[in-house]
Amino acid sequence: MGDNGRVNDARSTTHSPRPEDERPTDKGSRLYPRVTSFRSRRGALTAAQQATWDTLWPKIGRDVADEHIDVDAWFGRSGPAILEIGSGTGTATTAMAKAEPHVNLMAVEVYRPGLAQTLQQIERDDIENIRLLRGDAMDVLENMLTSESLTGVRVFFPDPWPKARHHKRRLLQGPTFAMIADRLKPGGVLHVATDHAEYAEWIAEAGNAEPRLSVLDWESPMTHERPVTKFEGKAQLVGSSVTELIWGKSR
C-alpha cells in the first residue's frame with residue numbers, strides 16, 4: 001500500500017452511505033460548541049459479536065471520557081500515533097493498520113455494532129496496533145489528547161449533512177480544523193476523503209483557512225492509500241467521485 005504523496009487530489013473512487021450512529025446529544029463540544037455530527041441508529045450485537053466484544057473490548061477498547069490517554073502506555077510501545085475519526089465497521093482501519101505495523105492507530109466511532117465488527121477483524125487477523133474508542137471524536141480531541149501528540153488524523157467520509165439547515169452538524173468546520181492542527185505534531189498530516197462534492201468544497205475552504213495547515217510539500221509520515229471497500233466497489237458503477245484532501249502542519 002503506497003503513499004501517493006499528493007494533496008487535495010480528486011480520485012474516481014466511490015463510497016456508499018455510511019451507517020448512522022447511536023443517539024446524539026445536543027451538548028456538542030465543550031470548547032467549540034456544536035451539535036453532534038452523527039445521527040441516531042440503534043443496533044444489537046450478534047452472539048458472536050458479543051462474545052468477541054466481551055473478550056477484546058476490555059483489552060483494546062475504552063469509552064470516551066475526561067481522561068487523558070497515555071498513548072505509548074496504552075499500546076505498550078512508542079510509535080507514530082494516528083487518530084481515525086469515524087471508523088465505521090473497520091474495513092479501512094484494519095487494512096491500513098496491517099500496512100503500517102509500526103503505527104499506533106486509534107479509531108473512534110460511536111456505533112457499537114461497527115466497533116464489534118472491527119473487533120472481529122482484529123481478532124481474525126491478529127492485529128496488534130489498533131485501539132478503539134467509543135464516543136464523540138471532539139471529546140477525544142479536546143479531553144483525551146494533548147497538543148502535538150498526533151502524527152496523523154484521518155477522517156474518511158464524514159456525514160455531509162447536505163441540507164443547509166443541517167450544515168451546523170458537519171464535523172469538519174473551522175473550529176475542528178483548529179483543534180486538529182493543535183493536536184498534530186509539526187510535520188503531522190490530516191487526510192480527509194469525501195464523496196460529496198459540495199461538502200468537499202466546504203472542507204477545502206475551512207481547511208485552507210487554518211493557518212497552521214498547508215499543502216503537503218514534504219514526505220508524509222503515513223500512507224494516504226485507502227483500501228477500496230465493498231461498498232465503494234459497488235458504488236463505482238454509478239461513477240461517484242471521491243475527493244482526497246491532505247494537509248500538513250507547518251514544521
# chains A, B, ... in the order shown; residues from 1 in each chain; ligands from 1

$ select_by_dssp --residues "region 14-250 of chain A" --states "strand (DSSP E or B)" --output "NGL selection string"
:A and (61-63 or 81-85 or 104-109 or 130-134 or 150-156 or 184-194 or 213-215 or 242-249)

$ residues_around --residues "Asp70 (chain A)" --least-positions-apart "2" --cutoff "12 Å" --atoms "only C-alpha atoms" --output "VMD selection string"
chain A and resid 67 to 68 72 to 78 81 104 106 144 to 146 149 to 150

$ write_last_selection --atoms "N, CA and C atoms" --output "short mmCIF file (atom, residue, chain, number, x, y, z; two decimals), in the first residue's frame"
data_model
loop_
_atom_site.label_atom_id
_atom_site.label_comp_id
_atom_site.auth_asym_id
_atom_site.auth_seq_id
_atom_site.Cartn_x
_atom_site.Cartn_y
_atom_site.Cartn_z
N GLU A 67 -10.50 11.82 30.44
CA GLU A 67 -9.33 11.11 30.95
C GLU A 67 -8.24 11.12 29.90
N HIS A 68 -7.11 11.66 30.25
CA HIS A 68 -6.01 11.76 29.30
C HIS A 68 -5.50 10.38 28.90
N ASP A 72 1.48 5.86 24.38
CA ASP A 72 2.55 4.86 24.41
C ASP A 72 2.26 3.77 25.44
N ALA A 73 1.73 4.15 26.59
CA ALA A 73 1.42 3.15 27.62
C ALA A 73 0.28 2.26 27.16
N TRP A 74 -0.71 2.81 26.49
CA TRP A 74 -1.86 2.02 26.03
C TRP A 74 -1.43 0.96 25.02
N PHE A 75 -0.50 1.34 24.15
CA PHE A 75 -0.02 0.39 23.14
C PHE A 75 1.14 -0.45 23.64
N GLY A 76 1.73 -0.05 24.73
CA GLY A 76 2.88 -0.78 25.24
C GLY A 76 4.14 -0.56 24.43
N ARG A 77 4.21 0.56 23.72
CA ARG A 77 5.38 0.86 22.90
C ARG A 77 5.28 2.32 22.43
N SER A 78 6.39 2.88 21.97
CA SER A 78 6.39 4.18 21.34
C SER A 78 6.21 4.01 19.84
N ALA A 81 1.52 8.13 16.37
CA ALA A 81 0.13 7.98 16.79
C ALA A 81 -0.79 8.60 15.74
N ASN A 104 0.81 3.38 15.77
CA ASN A 104 -0.18 3.17 16.82
C ASN A 104 -1.47 3.85 16.38
N MET A 106 -5.38 4.69 16.62
CA MET A 106 -6.57 4.80 17.46
C MET A 106 -7.76 5.15 16.57
N MET A 144 -8.94 14.06 25.74
CA MET A 144 -8.15 12.85 25.92
C MET A 144 -6.77 12.94 25.27
N LEU A 145 -6.57 13.93 24.40
CA LEU A 145 -5.29 14.09 23.71
C LEU A 145 -4.71 15.46 24.02
N THR A 146 -3.41 15.57 23.97
CA THR A 146 -2.73 16.82 24.27
C THR A 146 -2.17 17.45 23.00
N SER A 149 0.40 15.77 20.00
CA SER A 149 0.52 14.37 20.40
C SER A 149 0.27 13.39 19.26
N LEU A 150 -0.18 13.89 18.10
CA LEU A 150 -0.55 13.01 16.99
C LEU A 150 0.34 13.23 15.78
#

$ closest_residue --among "A:Met222, A:Ala65, A:Leu171, A:Ile130" --to "Asn143 (chain A)" --atoms "only C-alpha atoms"
A:Ala65

$ closest_residue --among "A:His102, A:Ile85, A:Leu132, A:Ala164" --to "Gln117 (chain A)" --atoms "only C-alpha atoms"
A:Leu132

$ residues_around --residues "Pro227 (chain A)" --least-positions-apart "3" --cutoff "9 Å" --atoms "only C-alpha atoms" --output "list in words"
Met1, Thr91, Ala92, Ala95 and Met96 of chain A

$ write_last_selection --atoms "N, CA, C and O atoms" --output "compact mmCIF listing (two decimals), in the first residue's frame"
# COMPACT_ATOMS: atom_id res chain seq x y z
N MET A 1 0.85 -1.18 0.00
CA MET A 1 0.00 0.00 0.00
C MET A 1 0.89 1.23 0.00
O MET A 1 1.56 1.54 0.96
N THR A 91 -13.19 -1.56 8.06
CA THR A 91 -12.52 -2.12 6.88
C THR A 91 -11.24 -1.37 6.56
O THR A 91 -10.17 -1.98 6.38
N ALA A 92 -11.32 -0.05 6.47
CA ALA A 92 -10.12 0.74 6.20
C ALA A 92 -9.17 0.71 7.39
O ALA A 92 -7.95 0.62 7.22
N ALA A 95 -7.17 -2.63 7.48
CA ALA A 95 -6.27 -2.75 6.33
C ALA A 95 -5.07 -1.81 6.46
O ALA A 95 -3.93 -2.20 6.20
N MET A 96 -5.32 -0.58 6.88
CA MET A 96 -4.23 0.39 6.99
C MET A 96 -3.33 0.07 8.18
O MET A 96 -2.12 0.30 8.13

$ closest_residue --among "A:Gly43, A:Ser147, A:Phe156, A:Ala48" --to "Gly88 (chain A)" --atoms "only C-alpha atoms"
A:Phe156

$ closest_residue --among "A:Gly61, A:Gly188, A:Gly152, A:Pro175" --to "Glu109 (chain A)" --atoms "only C-alpha atoms"
A:Gly61

$ residues_around --residues "Val155 (chain A)" --least-positions-apart "2" --cutoff "9 Å" --atoms "only C-alpha atoms" --output "ChimeraX atom specification"
/A:83-87,153,157-158,172,190-194

$ write_last_selection --atoms "C-alpha atoms" --output "mmCIF file, in the first residue's frame"
data_model
loop_
_atom_site.group_PDB
_atom_site.id
_atom_site.type_symbol
_atom_site.label_atom_id
_atom_site.label_comp_id
_atom_site.auth_asym_id
_atom_site.auth_seq_id
_atom_site.Cartn_x
_atom_site.Cartn_y
_atom_site.Cartn_z
ATOM 1 C CA LEU A 83 -6.320 9.002 15.062
ATOM 2 C CA GLU A 84 -9.053 7.833 12.699
ATOM 3 C CA ILE A 85 -12.339 9.650 13.229
ATOM 4 C CA GLY A 86 -15.444 7.661 12.311
ATOM 5 C CA SER A 87 -14.032 4.208 11.614
ATOM 6 C CA VAL A 153 -5.514 12.304 11.670
ATOM 7 C CA PHE A 157 -16.448 10.030 4.521
ATOM 8 C CA PRO A 158 -17.899 12.146 7.312
ATOM 9 C CA LEU A 172 -15.309 19.486 9.605
ATOM 10 C CA LEU A 190 -4.559 15.464 8.154
ATOM 11 C CA HIS A 191 -6.139 13.244 5.473
ATOM 12 C CA VAL A 192 -9.804 13.723 4.567
ATOM 13 C CA ALA A 193 -11.865 11.867 1.970
ATOM 14 C CA THR A 194 -15.431 12.645 0.918
#

$ atom_distance --atom1 "CA of Glu198 (chain A)" --atom2 "CA of Pro162 (chain A)"
8.1 Å

$ atom_distance --atom1 "CA of Arg134 (chain A)" --atom2 "CA of Ile60 (chain A)"
11.2 Å

$ atom_distance --atom1 "CA of Leu119 (chain A)" --atom2 "CA of Asp66 (chain A)"
23.7 Å

$ closest_residue --among "A:Ala181, A:Leu105, A:Leu216, A:Ile203" --to "Val71 (chain A)" --atoms "only C-alpha atoms"
A:Leu105
